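Peer 1: Below is a structure I'd like to ask you about.
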Amino acid sequence: MIFIGLALIIAVGLALLISADAGSLVGLSQHQTAQLIPLLIILIVFAGGLFARRHRAAELVGGLVLWVCIFAVVMVTYAYRDELLSIAGRVAGELQPGVALVDENAGTATFRRGMNGHFEVNATINGHTTPMIFDTGASAVVLTVDDARAAGVDVEGLRYIVPVATANGQGLAARTRIEQIEVGGIVRRNLIAFVTEAEALQTSLLGMTFLETLTRYSVTQNSLELVD
């Protein structure tokens, strides 16, 4: 009898909350609040197990408080799901440098600064995932010979006649074109790039021939944002 009474009280209370649009207090629309009805029904069924047995009053109250807390956590998590997903993305960026936090609606890709002080970017070149470093000092996208070969570029047929300055000193590079490059969901095609000689460059560079095609890019202390 206690359980039936409790179920009726919850059902009536839920109907009043929906009709009064009380869900807006925690960021839910009236429709979203109504969608929580199945969840409440499940909670009521589980709670029924507590009241179907004979327990002391303190145990019953404790069980009721527990389910109320669980329901509150579910409500808050659902209401702030977008913010929680953003936080999860930032944590993933810290743990996996090069992985972009993509906002498809805004057309942005955000990267976290790596432990080495650089912004590492995972680009997909002609279908091959290539780790790169964001570098506004590079006039073009620059690929190591190994990355270029993995992306399907005929590195043996290139002419290495362009002088370039790298972290390893002076070297030579060859001009080529990339059929497609994708960075954090931002896709560009037929892009000018350079391929360096073997051992002239340790990591490929995401340079200006890609960056200048963006609406904008911005750098803060610990994050890089690319805007399509």
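Residue names in the structure tokens use chain letters A, B, ... in the order shown, residue numbers from 1 in each chain, and ligand numbers from 1 in the order shown.
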Mind checking which residues fall within 7 Å of A:Leu101, counting only C-alpha atoms, ignoring those fewer than 2 positions away in the same chain, and posting them as a ChimeraX atom specification?
Peer 2: /A:89,99,103,109-111
Peer 1: Go ahead and write the selection's residues with C-alpha atoms as an mmCIF file, in the first residue's frame.
Peer 2:
```
data_model
loop_
_atom_site.group_PDB
_atom_site.id
_atom_site.type_symbol
_atom_site.label_atom_id
_atom_site.label_comp_id
_atom_site.auth_asym_id
_atom_site.auth_seq_id
_atom_site.Cartn_x
_atom_site.Cartn_y
_atom_site.Cartn_z
ATOM 1 C CA GLY A 89 36.774 16.437 -25.066
ATOM 2 C CA VAL A 99 43.094 14.717 -31.407
ATOM 3 C CA ASP A 103 32.234 21.491 -33.121
ATOM 4 C CA ALA A 109 38.442 22.230 -34.489
ATOM 5 C CA THR A 110 40.299 22.831 -31.227
ATOM 6 C CA PHE A 111 43.610 21.289 -30.227
#
```
Peer 1: Can you check which parts of stretch 123-171 of chain A lie within 6 Å of stretch 184-203 of chain A? Per residue, the shortest pair of atoms and distance in Å to one decimal, counting only C-alpha atoms, sorted by chain and number, as a Markdown table.
Peer 2:
```
| residue | atom | partner | partner_atom | distance |
| --- | --- | --- | --- | --- |
| A:Ala140 | CA | A:Ala193 | CA | 5.7 |
| A:Val141 | CA | A:Ala193 | CA | 4.7 |
| A:Val142 | CA | A:Phe194 | CA | 4.8 |
| A:Leu143 | CA | A:Val195 | CA | 4.8 |
| A:Thr144 | CA | A:Thr196 | CA | 5.5 |
| A:Val145 | CA | A:Ala198 | CA | 5.8 |
```
Peer 1: Suppose we keep C-alpha atoms; can you now write the selection as a PDB file, in the first residue's frame?
Peer 2:
```pdb
ATOM      1  CA  ALA A 140      53.344  25.680 -46.868  1.00  0.00           C
ATOM      2  CA  VAL A 141      52.361  22.245 -45.687  1.00  0.00           C
ATOM      3  CA  VAL A 142      55.646  20.386 -45.395  1.00  0.00           C
ATOM      4  CA  LEU A 143      55.834  16.590 -45.301  1.00  0.00           C
ATOM      5  CA  THR A 144      58.635  14.287 -44.342  1.00  0.00           C
ATOM      6  CA  VAL A 145      59.555  11.909 -47.115  1.00  0.00           C
TER       7      VAL A 145
END
```
Peer 1: Excluding A:Pro131 and any residue of its chain fewer than 3 positions from it, enumerate the residues within 7 Å of it, using only C-alpha atoms, and give them as a list in words.
Peer 2: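 Answer for this query is Glu120, Val121, Asn122, Ala123 and Ser204 of chain A.
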Peer 1: Can I get the selection written as a short mmCIF file (atom, residue, chain, number, x, y, z; two decimals), in the first residue's frame, with C-alpha atoms?
Peer 2:
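Saved to selection-v3.cif:
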```cif
data_model
loop_
_atom_site.label_atom_id
_atom_site.label_comp_id
_atom_site.auth_asym_id
_atom_site.auth_seq_id
_atom_site.Cartn_x
_atom_site.Cartn_y
_atom_site.Cartn_z
CA GLU A 120 50.33 18.53 -32.43
CA VAL A 121 47.71 17.91 -35.10
CA ASN A 122 46.55 14.62 -36.57
CA ALA A 123 45.85 15.26 -40.24
CA SER A 204 55.56 17.11 -40.89
#
```
Peer 1: Of the residues A:Arg175, A:Arg149, A:Arg113, A:His118, which is the one nearest to A:Asn222, using only C-alpha atoms?
Peer 2: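 So, comparing all the options, the nearest one is A:Arg113.
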Peer 1: Got a sec to tell me which of stretch 141-178 of chain A DSSP assigns to strand (DSSP E or B), as a PyMOL selection string?
Peer 2: chain A and resi 141-143+162-166+169-178
Peer 1: Have a look at atom CA of A:Thr129 and atom CA of A:Ala148 and let me know their distance in Å, one decimal.
Peer 2: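 Taking atom CA of A:Thr129 as the start and atom CA of A:Ala148 as the end point, the length is 11.0 Å.
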Peer 1: So what do you get for atom CA of A:Val183 versus atom CA of A:Gly169, distance-wise?
Peer 2: 27.9 Å
Peer 1: Run DSSP on the backbone and grab whatever in stretch 98-210 of chain A lands in alpha helix (DSSP H); send it over as a ChimeraX atom specification.
Peer 2: /A:145-150,208-210
